[in-house]
>>> print(open('work02.txt').read())   # compact mmCIF, N, CA and C atoms
# COMPACT_ATOMS: atom_id res chain seq x y z
N MET O 1 10.07 16.98 -16.37
CA MET O 1 10.90 17.11 -15.21
C MET O 1 12.08 16.14 -15.27
N ALA O 2 11.85 14.90 -15.70
CA ALA O 2 12.94 13.93 -15.77
C ALA O 2 14.00 14.36 -16.77
N ASP O 3 13.54 14.88 -17.91
CA ASP O 3 14.50 15.36 -18.92
C ASP O 3 15.35 16.49 -18.36
N ASP O 4 14.73 17.40 -17.64
CA ASP O 4 15.47 18.52 -17.03
C ASP O 4 16.48 18.00 -16.02
N LEU O 5 16.07 17.01 -15.25
CA LEU O 5 16.95 16.44 -14.23
C LEU O 5 18.17 15.78 -14.87
N VAL O 6 17.95 15.03 -15.93
CA VAL O 6 19.06 14.39 -16.64
C VAL O 6 19.98 15.44 -17.24
N GLN O 7 19.39 16.46 -17.84
CA GLN O 7 20.19 17.54 -18.44
C GLN O 7 21.02 18.25 -17.37
N ASP O 8 20.40 18.55 -16.23
CA ASP O 8 21.13 19.20 -15.13
C ASP O 8 22.25 18.31 -14.61
N THR O 9 22.01 16.99 -14.58
CA THR O 9 23.03 16.04 -14.13
C THR O 9 24.23 16.06 -15.07
N ILE O 10 23.97 16.02 -16.36
CA ILE O 10 25.06 16.05 -17.35
C ILE O 10 25.82 17.36 -17.26
N GLU O 11 25.09 18.45 -17.13
CA GLU O 11 25.73 19.76 -17.02
C GLU O 11 26.65 19.82 -15.80
N ARG O 12 26.15 19.37 -14.65
CA ARG O 12 26.95 19.41 -13.43
C ARG O 12 28.15 18.47 -13.55
N ALA O 13 27.95 17.30 -14.15
CA ALA O 13 29.05 16.35 -14.31
C ALA O 13 30.14 16.93 -15.19
N LEU O 14 29.75 17.60 -16.25
CA LEU O 14 30.75 18.21 -17.14
C LEU O 14 31.51 19.33 -16.44
N ARG O 15 30.79 20.14 -15.66
CA ARG O 15 31.44 21.24 -14.94
C ARG O 15 32.41 20.72 -13.89
N ARG O 16 32.08 19.58 -13.29
CA ARG O 16 32.89 19.05 -12.20
C ARG O 16 33.65 17.78 -12.58
N SER O 17 33.93 17.64 -13.84
CA SER O 17 34.58 16.42 -14.32
C SER O 17 35.94 16.18 -13.69
N THR O 18 36.59 17.23 -13.23
CA THR O 18 37.90 17.05 -12.59
C THR O 18 37.79 16.32 -11.25
N GLN O 19 36.60 16.26 -10.67
CA GLN O 19 36.40 15.58 -9.39
C GLN O 19 36.38 14.07 -9.55
N LEU O 20 36.11 13.58 -10.75
CA LEU O 20 36.06 12.13 -11.00
C LEU O 20 37.49 11.64 -11.23
N ARG O 21 37.98 10.84 -10.30
CA ARG O 21 39.36 10.36 -10.39
C ARG O 21 39.44 8.97 -11.01
N ASP O 22 38.39 8.16 -10.85
CA ASP O 22 38.39 6.79 -11.35
C ASP O 22 37.21 6.63 -12.30
N VAL O 23 37.50 6.45 -13.57
CA VAL O 23 36.46 6.36 -14.61
C VAL O 23 35.52 5.17 -14.36
N GLU O 24 36.03 4.12 -13.70
CA GLU O 24 35.19 2.96 -13.42
C GLU O 24 34.05 3.30 -12.46
N ARG O 25 34.18 4.38 -11.72
CA ARG O 25 33.14 4.79 -10.78
C ARG O 25 32.16 5.80 -11.40
N LEU O 26 32.26 6.01 -12.71
CA LEU O 26 31.41 6.99 -13.40
C LEU O 26 29.91 6.74 -13.19
N PRO O 27 29.39 5.50 -13.35
CA PRO O 27 27.94 5.31 -13.15
C PRO O 27 27.47 5.71 -11.75
N GLY O 28 28.21 5.30 -10.74
CA GLY O 28 27.84 5.66 -9.37
C GLY O 28 27.94 7.16 -9.13
N TRP O 29 28.98 7.78 -9.69
CA TRP O 29 29.17 9.22 -9.55
C TRP O 29 28.00 9.98 -10.18
N LEU O 30 27.59 9.54 -11.37
CA LEU O 30 26.46 10.19 -12.04
C LEU O 30 25.16 9.97 -11.28
N ARG O 31 24.96 8.74 -10.75
CA ARG O 31 23.75 8.48 -9.95
C ARG O 31 23.71 9.36 -8.72
N ARG O 32 24.87 9.55 -8.10
CA ARG O 32 24.93 10.38 -6.89
C ARG O 32 24.58 11.83 -7.24
N ILE O 33 25.09 12.34 -8.36
CA ILE O 33 24.77 13.70 -8.79
C ILE O 33 23.27 13.81 -9.06
N LEU O 34 22.73 12.84 -9.79
CA LEU O 34 21.30 12.83 -10.11
C LEU O 34 20.46 12.81 -8.84
N HIS O 35 20.83 11.93 -7.92
CA HIS O 35 20.09 11.82 -6.65
C HIS O 35 20.13 13.15 -5.88
N ASN O 36 21.30 13.74 -5.78
CA ASN O 36 21.43 15.01 -5.05
C ASN O 36 20.63 16.13 -5.70
N LEU O 37 20.65 16.19 -7.03
CA LEU O 37 19.85 17.20 -7.72
C LEU O 37 18.36 16.99 -7.49
N TYR O 38 17.94 15.72 -7.51
CA TYR O 38 16.53 15.40 -7.28
C TYR O 38 16.10 15.81 -5.88
N VAL O 39 16.92 15.49 -4.89
CA VAL O 39 16.60 15.86 -3.51
C VAL O 39 16.54 17.38 -3.37
N ASP O 40 17.49 18.07 -3.99
CA ASP O 40 17.48 19.54 -3.95
C ASP O 40 16.20 20.09 -4.56
N GLU O 41 15.77 19.49 -5.67
CA GLU O 41 14.56 19.96 -6.34
C GLU O 41 13.32 19.73 -5.48
N ILE O 42 13.26 18.60 -4.83
CA ILE O 42 12.13 18.32 -3.94
C ILE O 42 12.11 19.32 -2.80
N ARG O 43 13.28 19.58 -2.24
CA ARG O 43 13.35 20.53 -1.11
C ARG O 43 12.90 21.93 -1.52
N ARG O 44 13.21 22.30 -2.74
CA ARG O 44 12.80 23.62 -3.23
C ARG O 44 11.32 23.66 -3.61
N GLY O 45 10.70 22.50 -3.71
CA GLY O 45 9.29 22.45 -4.04
C GLY O 45 9.01 22.55 -5.53
N ARG O 46 10.07 22.51 -6.34
CA ARG O 46 9.88 22.58 -7.79
C ARG O 46 9.37 21.27 -8.37
N GLY O 47 9.45 20.20 -7.58
CA GLY O 47 9.04 18.89 -8.08
C GLY O 47 7.55 18.65 -8.05
N LYS O 48 6.79 19.66 -7.64
CA LYS O 48 5.34 19.49 -7.57
C LYS O 48 4.75 19.40 -8.97
N MET O 49 3.83 18.48 -9.13
CA MET O 49 3.20 18.29 -10.43
C MET O 49 2.11 19.34 -10.64
N LYS O 50 1.90 19.66 -11.87
CA LYS O 50 0.87 20.61 -12.22
C LYS O 50 -0.49 19.91 -12.14
N GLU O 51 -1.44 20.56 -11.51
CA GLU O 51 -2.78 19.98 -11.39
C GLU O 51 -3.50 20.01 -12.72
N GLN O 52 -4.28 18.98 -12.96
CA GLN O 52 -5.08 18.91 -14.18
C GLN O 52 -6.42 18.30 -13.82
N ASP O 53 -7.47 18.84 -14.40
CA ASP O 53 -8.82 18.34 -14.14
C ASP O 53 -8.93 16.94 -14.73
N ILE O 54 -9.27 15.98 -13.90
CA ILE O 54 -9.35 14.59 -14.34
C ILE O 54 -10.45 14.38 -15.37
N ALA O 55 -11.45 15.22 -15.37
CA ALA O 55 -12.55 15.10 -16.34
C ALA O 55 -12.03 15.27 -17.77
N GLU O 56 -10.96 16.04 -17.93
CA GLU O 56 -10.37 16.23 -19.27
C GLU O 56 -9.76 14.93 -19.80
N LEU O 57 -9.40 14.04 -18.92
CA LEU O 57 -8.73 12.80 -19.31
C LEU O 57 -9.68 11.61 -19.42
N ALA O 58 -10.94 11.81 -19.05
CA ALA O 58 -11.89 10.70 -18.96
C ALA O 58 -12.08 9.95 -20.27
N ASP O 59 -12.09 10.61 -21.39
CA ASP O 59 -12.36 9.96 -22.67
C ASP O 59 -11.10 9.72 -23.50
N ASP O 60 -9.95 9.85 -22.92
CA ASP O 60 -8.70 9.66 -23.64
C ASP O 60 -8.37 8.17 -23.69
N LEU O 61 -8.54 7.54 -24.85
CA LEU O 61 -8.32 6.09 -24.98
C LEU O 61 -6.86 5.69 -24.77
N SER O 62 -5.94 6.61 -25.03
CA SER O 62 -4.53 6.26 -24.84
C SER O 62 -4.19 6.05 -23.37
N LEU O 63 -5.03 6.56 -22.48
CA LEU O 63 -4.81 6.39 -21.05
C LEU O 63 -5.56 5.20 -20.48
N SER O 64 -6.34 4.54 -21.32
CA SER O 64 -7.13 3.40 -20.86
C SER O 64 -6.28 2.14 -20.79
N VAL O 65 -6.49 1.37 -19.76
CA VAL O 65 -5.82 0.07 -19.63
C VAL O 65 -6.86 -0.95 -19.20
N ALA O 66 -6.57 -2.18 -19.49
CA ALA O 66 -7.49 -3.24 -19.10
C ALA O 66 -7.58 -3.29 -17.57
N ALA O 67 -8.78 -3.55 -17.10
CA ALA O 67 -8.99 -3.65 -15.66
C ALA O 67 -8.26 -4.87 -15.12
N HIS O 68 -7.56 -4.70 -14.04
CA HIS O 68 -6.90 -5.81 -13.37
C HIS O 68 -6.81 -5.48 -11.89
N ASP O 69 -6.53 -6.50 -11.14
CA ASP O 69 -6.40 -6.30 -9.71
C ASP O 69 -5.00 -5.78 -9.42
N GLY O 70 -4.90 -4.54 -9.07
CA GLY O 70 -3.60 -3.93 -8.80
C GLY O 70 -3.26 -3.93 -7.33
N ALA O 71 -3.89 -4.82 -6.57
CA ALA O 71 -3.66 -4.84 -5.13
C ALA O 71 -2.20 -5.09 -4.79
N ALA O 72 -1.57 -6.02 -5.48
CA ALA O 72 -0.17 -6.33 -5.18
C ALA O 72 0.72 -5.12 -5.43
N MET O 73 0.48 -4.42 -6.52
CA MET O 73 1.28 -3.24 -6.82
C MET O 73 1.04 -2.15 -5.78
N ARG O 74 -0.21 -1.94 -5.40
CA ARG O 74 -0.52 -0.94 -4.38
C ARG O 74 0.14 -1.29 -3.06
N GLU O 75 0.12 -2.57 -2.70
CA GLU O 75 0.76 -3.02 -1.47
C GLU O 75 2.26 -2.73 -1.52
N PHE O 76 2.88 -3.04 -2.65
CA PHE O 76 4.32 -2.83 -2.80
C PHE O 76 4.66 -1.34 -2.72
N VAL O 77 3.95 -0.52 -3.47
CA VAL O 77 4.22 0.92 -3.48
C VAL O 77 4.02 1.52 -2.09
N SER O 78 2.95 1.13 -1.45
CA SER O 78 2.67 1.64 -0.10
C SER O 78 3.75 1.19 0.88
N ALA O 79 4.16 -0.05 0.79
CA ALA O 79 5.19 -0.57 1.69
C ALA O 79 6.53 0.11 1.44
N MET O 80 6.90 0.30 0.18
CA MET O 80 8.16 0.99 -0.14
C MET O 80 8.15 2.41 0.40
N ALA O 81 7.01 3.07 0.31
CA ALA O 81 6.91 4.45 0.78
C ALA O 81 7.09 4.55 2.29
N ARG O 82 6.79 3.47 3.00
CA ARG O 82 6.91 3.47 4.46
C ARG O 82 8.32 3.14 4.94
N LEU O 83 9.18 2.67 4.04
CA LEU O 83 10.55 2.34 4.41
C LEU O 83 11.38 3.60 4.60
N SER O 84 12.45 3.48 5.36
CA SER O 84 13.38 4.61 5.51
C SER O 84 14.10 4.83 4.18
N VAL O 85 14.69 5.98 4.03
CA VAL O 85 15.43 6.31 2.81
C VAL O 85 16.56 5.31 2.60
N GLU O 86 17.27 4.96 3.68
CA GLU O 86 18.39 4.03 3.57
C GLU O 86 17.92 2.65 3.08
N HIS O 87 16.79 2.19 3.60
CA HIS O 87 16.27 0.88 3.18
C HIS O 87 15.79 0.92 1.74
N ARG O 88 15.07 1.97 1.34
CA ARG O 88 14.63 2.08 -0.05
C ARG O 88 15.82 2.13 -0.98
N GLN O 89 16.81 2.93 -0.62
CA GLN O 89 17.99 3.10 -1.46
C GLN O 89 18.71 1.77 -1.69
N ILE O 90 18.93 1.02 -0.64
CA ILE O 90 19.69 -0.23 -0.78
C ILE O 90 18.87 -1.28 -1.52
N LEU O 91 17.55 -1.31 -1.32
CA LEU O 91 16.71 -2.25 -2.06
C LEU O 91 16.71 -1.92 -3.55
N LEU O 92 16.66 -0.64 -3.89
CA LEU O 92 16.67 -0.25 -5.29
C LEU O 92 18.01 -0.53 -5.96
N LEU O 93 19.09 -0.29 -5.24
CA LEU O 93 20.41 -0.58 -5.82
C LEU O 93 20.59 -2.08 -6.05
N ALA O 94 20.12 -2.89 -5.12
CA ALA O 94 20.27 -4.34 -5.26
C ALA O 94 19.27 -4.91 -6.26
N GLY O 95 18.02 -4.48 -6.16
CA GLY O 95 16.97 -5.07 -7.00
C GLY O 95 16.85 -4.45 -8.37
N LEU O 96 16.74 -3.15 -8.43
CA LEU O 96 16.53 -2.46 -9.70
C LEU O 96 17.83 -2.29 -10.48
N GLU O 97 18.87 -1.84 -9.81
CA GLU O 97 20.16 -1.63 -10.48
C GLU O 97 20.97 -2.91 -10.60
N GLU O 98 20.54 -3.97 -9.89
CA GLU O 98 21.21 -5.27 -9.91
C GLU O 98 22.69 -5.17 -9.55
N MET O 99 22.98 -4.34 -8.56
CA MET O 99 24.36 -4.19 -8.10
C MET O 99 24.66 -5.27 -7.06
N ASN O 100 25.92 -5.71 -6.99
CA ASN O 100 26.32 -6.67 -5.98
C ASN O 100 26.74 -5.93 -4.71
N TYR O 101 27.03 -6.69 -3.64
CA TYR O 101 27.36 -6.08 -2.36
C TYR O 101 28.54 -5.11 -2.46
N ARG O 102 29.57 -5.52 -3.17
CA ARG O 102 30.76 -4.68 -3.31
C ARG O 102 30.43 -3.37 -4.00
N GLU O 103 29.66 -3.45 -5.09
CA GLU O 103 29.30 -2.24 -5.83
C GLU O 103 28.44 -1.31 -4.98
N ILE O 104 27.52 -1.89 -4.22
CA ILE O 104 26.66 -1.09 -3.35
C ILE O 104 27.52 -0.42 -2.27
N ALA O 105 28.45 -1.18 -1.69
CA ALA O 105 29.33 -0.63 -0.66
C ALA O 105 30.12 0.56 -1.20
N GLU O 106 30.64 0.43 -2.41
CA GLU O 106 31.39 1.53 -3.02
C GLU O 106 30.48 2.72 -3.31
N GLU O 107 29.30 2.43 -3.83
CA GLU O 107 28.33 3.49 -4.18
C GLU O 107 27.94 4.30 -2.95
N LEU O 108 27.66 3.61 -1.85
CA LEU O 108 27.18 4.28 -0.64
C LEU O 108 28.31 4.64 0.32
N ASP O 109 29.53 4.19 -0.02
CA ASP O 109 30.70 4.44 0.81
C ASP O 109 30.50 3.91 2.23
N ILE O 110 30.07 2.63 2.31
CA ILE O 110 29.87 1.94 3.58
C ILE O 110 30.50 0.56 3.47
N PRO O 111 30.82 -0.08 4.60
CA PRO O 111 31.42 -1.43 4.56
C PRO O 111 30.44 -2.47 3.99
N ILE O 112 31.00 -3.53 3.41
CA ILE O 112 30.18 -4.59 2.82
C ILE O 112 29.29 -5.24 3.88
N GLY O 113 29.81 -5.41 5.08
CA GLY O 113 29.01 -5.99 6.16
C GLY O 113 27.78 -5.16 6.46
N THR O 114 27.92 -3.85 6.40
CA THR O 114 26.79 -2.94 6.61
C THR O 114 25.78 -3.10 5.49
N VAL O 115 26.28 -3.26 4.26
CA VAL O 115 25.39 -3.47 3.12
C VAL O 115 24.57 -4.74 3.34
N MET O 116 25.23 -5.81 3.73
CA MET O 116 24.55 -7.09 3.91
C MET O 116 23.49 -7.02 5.00
N SER O 117 23.84 -6.43 6.14
CA SER O 117 22.87 -6.37 7.23
C SER O 117 21.74 -5.40 6.91
N ARG O 118 22.08 -4.26 6.29
CA ARG O 118 21.04 -3.27 5.96
C ARG O 118 20.08 -3.84 4.92
N LEU O 119 20.62 -4.58 3.94
CA LEU O 119 19.77 -5.18 2.91
C LEU O 119 18.87 -6.25 3.52
N ALA O 120 19.40 -7.05 4.43
CA ALA O 120 18.58 -8.08 5.08
C ALA O 120 17.46 -7.43 5.90
N ARG O 121 17.80 -6.38 6.64
CA ARG O 121 16.78 -5.68 7.44
C ARG O 121 15.75 -5.01 6.54
N ALA O 122 16.20 -4.43 5.42
CA ALA O 122 15.28 -3.77 4.50
C ALA O 122 14.31 -4.77 3.89
N ARG O 123 14.82 -5.93 3.49
CA ARG O 123 13.95 -6.96 2.92
C ARG O 123 12.93 -7.46 3.93
N GLU O 124 13.38 -7.67 5.16
CA GLU O 124 12.48 -8.14 6.22
C GLU O 124 11.41 -7.09 6.51
N LYS O 125 11.82 -5.84 6.58
CA LYS O 125 10.87 -4.75 6.85
C LYS O 125 9.86 -4.64 5.70
N LEU O 126 10.32 -4.73 4.47
CA LEU O 126 9.43 -4.66 3.31
C LEU O 126 8.44 -5.82 3.33
N ARG O 127 8.93 -7.01 3.62
CA ARG O 127 8.06 -8.20 3.69
C ARG O 127 6.97 -8.00 4.75
N GLY O 128 7.36 -7.54 5.93
CA GLY O 128 6.39 -7.30 7.00
C GLY O 128 5.37 -6.23 6.63
N LEU O 129 5.84 -5.16 6.02
CA LEU O 129 4.92 -4.09 5.61
C LEU O 129 3.94 -4.57 4.55
N MET O 130 4.43 -5.37 3.60
CA MET O 130 3.54 -5.87 2.54
C MET O 130 2.50 -6.82 3.12
N GLN O 131 2.89 -7.63 4.07
CA GLN O 131 1.92 -8.53 4.70
C GLN O 131 0.87 -7.72 5.46
N ARG O 132 1.31 -6.67 6.13
CA ARG O 132 0.37 -5.82 6.86
C ARG O 132 -0.57 -5.10 5.89
N GLU O 133 -0.02 -4.62 4.75
CA GLU O 133 -0.85 -3.96 3.73
C GLU O 133 -1.89 -4.94 3.19
N ALA O 134 -1.48 -6.18 2.95
CA ALA O 134 -2.40 -7.18 2.41
C ALA O 134 -3.54 -7.44 3.39
N ARG O 135 -3.22 -7.53 4.67
CA ARG O 135 -4.25 -7.75 5.67
C ARG O 135 -5.20 -6.56 5.74
N GLU O 136 -4.67 -5.34 5.65
CA GLU O 136 -5.52 -4.14 5.70
C GLU O 136 -6.45 -4.05 4.50
N ILE O 137 -5.96 -4.45 3.33
CA ILE O 137 -6.79 -4.41 2.11
C ILE O 137 -7.89 -5.47 2.20
N GLU O 138 -7.56 -6.65 2.75
CA GLU O 138 -8.55 -7.71 2.87
C GLU O 138 -9.64 -7.37 3.87
N SER O 139 -9.30 -6.56 4.86
CA SER O 139 -10.29 -6.23 5.91
C SER O 139 -11.35 -5.28 5.43
>>> encode(input="work02.txt", output="structure tokens")
Amino acid sequence: MADDLVQDTIERALRRSTQLRDVERLPGWLRRILHNLYVDEIRRGRGKMKEQDIAELADDLSLSVAAHDGAAMREFVSAMARLSVEHRQILLLAGLEEMNYREIAEELDIPIGTVMSRLARAREKLRGLMQREAREIES
């Protein structure tokens, strides 16, 4: 699915290359195309994974990993899933993409002040959700 999404993104970008006026904005433009295609695919229901009987995978050593406490990861994933799309988006652009406020503002086409306040609120909300998740797991 990811390969198809990347291929569709490149195809759409090539077809609409005349829409890109500033080459410096190419990464953001491509991310926006990718994001829109992904959302379209989810809406169409094509993004559903194919079911597979877990018993078939039970003895596959390549899928085995050492046992560890994944509580922190589960807390994080659960907390991120509970955030609004805007909060997830801005946290991922700042944290994963390592974009600065100006780059995020250009990417999302919003003022820098909005980026700063939205990012602060998103971080606070994520922190609160993770603390709540930790308490629920401990109980």
>>> axis_aligned_box(input="work02.txt", around="stretch 73-88 of chain O", padding_each_side="4 Å", output="AutoDock Vina command-line options")
--center_x 8.9 --center_y 0.9 --center_z -0.7 --size_x 26.9 --size_y 18.7 --size_z 20.3
>>> residues_around(input="work02.txt", residues="stretch 72-82 of chain O", least_positions_apart="6", cutoff="7 Å", atoms="all atoms listed in the file", output="PyMOL selection string")
chain O and resi 88+126+129-130+133-134
>>> residues_around(input="work02.txt", residues="stretch 11-28 of chain O", least_positions_apart="5", cutoff="6.5 Å", atoms="all atoms listed in the file", output="list in words")
Val6, Ile33 and Glu107 of chain O
>>> residues_around(input="work02.txt", residues="stretch 110-121 of chain O", least_positions_apart="4", cutoff="6.5 Å", atoms="all atoms listed in the file", output="NGL selection string")
:O and (87 or 90-91 or 101-102 or 104-106 or 125-126)
>>> write_last_selection(input="work02.txt", atoms="N, CA and C atoms", output="PDB file, keeping the file's coordinate frame")
ATOM      1  N   HIS O  87      16.790   2.190   3.600  1.00  0.00           N
ATOM      2  CA  HIS O  87      16.270   0.880   3.180  1.00  0.00           C
ATOM      3  C   HIS O  87      15.790   0.920   1.740  1.00  0.00           C
ATOM      4  N   ILE O  90      18.930   1.020  -0.640  1.00  0.00           N
ATOM      5  CA  ILE O  90      19.690  -0.230  -0.780  1.00  0.00           C
ATOM      6  C   ILE O  90      18.870  -1.280  -1.520  1.00  0.00           C
ATOM      7  N   LEU O  91      17.550  -1.310  -1.320  1.00  0.00           N
ATOM      8  CA  LEU O  91      16.710  -2.250  -2.060  1.00  0.00           C
ATOM      9  C   LEU O  91      16.710  -1.920  -3.550  1.00  0.00           C
ATOM     10  N   TYR O 101      27.030  -6.690  -3.640  1.00  0.00           N
ATOM     11  CA  TYR O 101      27.360  -6.080  -2.360  1.00  0.00           C
ATOM     12  C   TYR O 101      28.540  -5.110  -2.460  1.00  0.00           C
ATOM     13  N   ARG O 102      29.570  -5.520  -3.170  1.00  0.00           N
ATOM     14  CA  ARG O 102      30.760  -4.680  -3.310  1.00  0.00           C
ATOM     15  C   ARG O 102      30.430  -3.370  -4.000  1.00  0.00           C
ATOM     16  N   ILE O 104      27.520  -1.890  -4.220  1.00  0.00           N
ATOM     17  CA  ILE O 104      26.660  -1.090  -3.350  1.00  0.00           C
ATOM     18  C   ILE O 104      27.520  -0.420  -2.270  1.00  0.00           C
ATOM     19  N   ALA O 105      28.450  -1.180  -1.690  1.00  0.00           N
ATOM     20  CA  ALA O 105      29.330  -0.630  -0.660  1.00  0.00           C
ATOM     21  C   ALA O 105      30.120   0.560  -1.200  1.00  0.00           C
ATOM     22  N   GLU O 106      30.640   0.430  -2.410  1.00  0.00           N
ATOM     23  CA  GLU O 106      31.390   1.530  -3.020  1.00  0.00           C
ATOM     24  C   GLU O 106      30.480   2.720  -3.310  1.00  0.00           C
ATOM     25  N   LYS O 125      11.820  -5.840   6.580  1.00  0.00           N
ATOM     26  CA  LYS O 125      10.870  -4.750   6.850  1.00  0.00           C
ATOM     27  C   LYS O 125       9.860  -4.640   5.700  1.00  0.00           C
ATOM     28  N   LEU O 126      10.320  -4.730   4.470  1.00  0.00           N
ATOM     29  CA  LEU O 126       9.430  -4.660   3.310  1.00  0.00           C
ATOM     30  C   LEU O 126       8.440  -5.820   3.330  1.00  0.00           C
TER      31      LEU O 126
END
>>> select_by_dssp(input="work02.txt", residues="chain O", states="helix (DSSP H, G or I)", output="PyMOL selection string")
chain O and resi 2-15+17-19+23-44+54-57+61-63+71-82+85-96+101-108+112-138
>>> decode(input="work02.txt", residues="stretch 10-42 of chain O", atoms="C-alpha atoms", output="PDB file, in the first residue's frame")
ATOM      1  CA  ILE O  10       4.758  10.965  -7.958  1.00  0.00           C
ATOM      2  CA  GLU O  11       2.273  10.447 -10.770  1.00  0.00           C
ATOM      3  CA  ARG O  12       0.005  13.250  -9.522  1.00  0.00           C
ATOM      4  CA  ALA O  13       2.977  15.562  -8.928  1.00  0.00           C
ATOM      5  CA  LEU O  14       4.223  15.025 -12.474  1.00  0.00           C
ATOM      6  CA  ARG O  15       0.764  15.621 -13.946  1.00  0.00           C
ATOM      7  CA  ARG O  16       0.345  18.814 -11.933  1.00  0.00           C
ATOM      8  CA  SER O  17       3.911  20.070 -11.994  1.00  0.00           C
ATOM      9  CA  THR O  18       2.786  23.394 -13.441  1.00  0.00           C
ATOM     10  CA  GLN O  19       1.056  24.148 -10.118  1.00  0.00           C
ATOM     11  CA  LEU O  20       4.392  24.251  -8.265  1.00  0.00           C
ATOM     12  CA  ARG O  21       5.638  27.817  -8.543  1.00  0.00           C
ATOM     13  CA  ASP O  22       8.457  27.752  -5.961  1.00  0.00           C
ATOM     14  CA  VAL O  23      10.846  24.782  -6.124  1.00  0.00           C
ATOM     15  CA  GLU O  24      11.889  25.411  -2.501  1.00  0.00           C
ATOM     16  CA  ARG O  25       8.383  24.362  -1.438  1.00  0.00           C
ATOM     17  CA  LEU O  26       8.655  20.997  -3.248  1.00  0.00           C
ATOM     18  CA  PRO O  27       8.933  18.821  -0.076  1.00  0.00           C
ATOM     19  CA  GLY O  28       5.847  20.392   1.483  1.00  0.00           C
ATOM     20  CA  TRP O  29       3.952  20.228  -1.810  1.00  0.00           C
ATOM     21  CA  LEU O  30       4.740  16.523  -2.166  1.00  0.00           C
ATOM     22  CA  ARG O  31       3.780  15.836   1.473  1.00  0.00           C
ATOM     23  CA  ARG O  32       0.474  17.608   0.924  1.00  0.00           C
ATOM     24  CA  ILE O  33      -0.235  15.499  -2.194  1.00  0.00           C
ATOM     25  CA  LEU O  34       0.709  12.324  -0.307  1.00  0.00           C
ATOM     26  CA  HIS O  35      -1.471  13.280   2.659  1.00  0.00           C
ATOM     27  CA  ASN O  36      -4.466  14.084   0.454  1.00  0.00           C
ATOM     28  CA  LEU O  37      -4.129  10.818  -1.467  1.00  0.00           C
ATOM     29  CA  TYR O  38      -3.889   8.890   1.810  1.00  0.00           C
ATOM     30  CA  VAL O  39      -7.010  10.557   3.196  1.00  0.00           C
ATOM     31  CA  ASP O  40      -8.858   9.864  -0.058  1.00  0.00           C
ATOM     32  CA  GLU O  41      -7.843   6.219   0.130  1.00  0.00           C
ATOM     33  CA  ILE O  42      -9.028   5.886   3.715  1.00  0.00           C
TER      34      ILE O  42
END
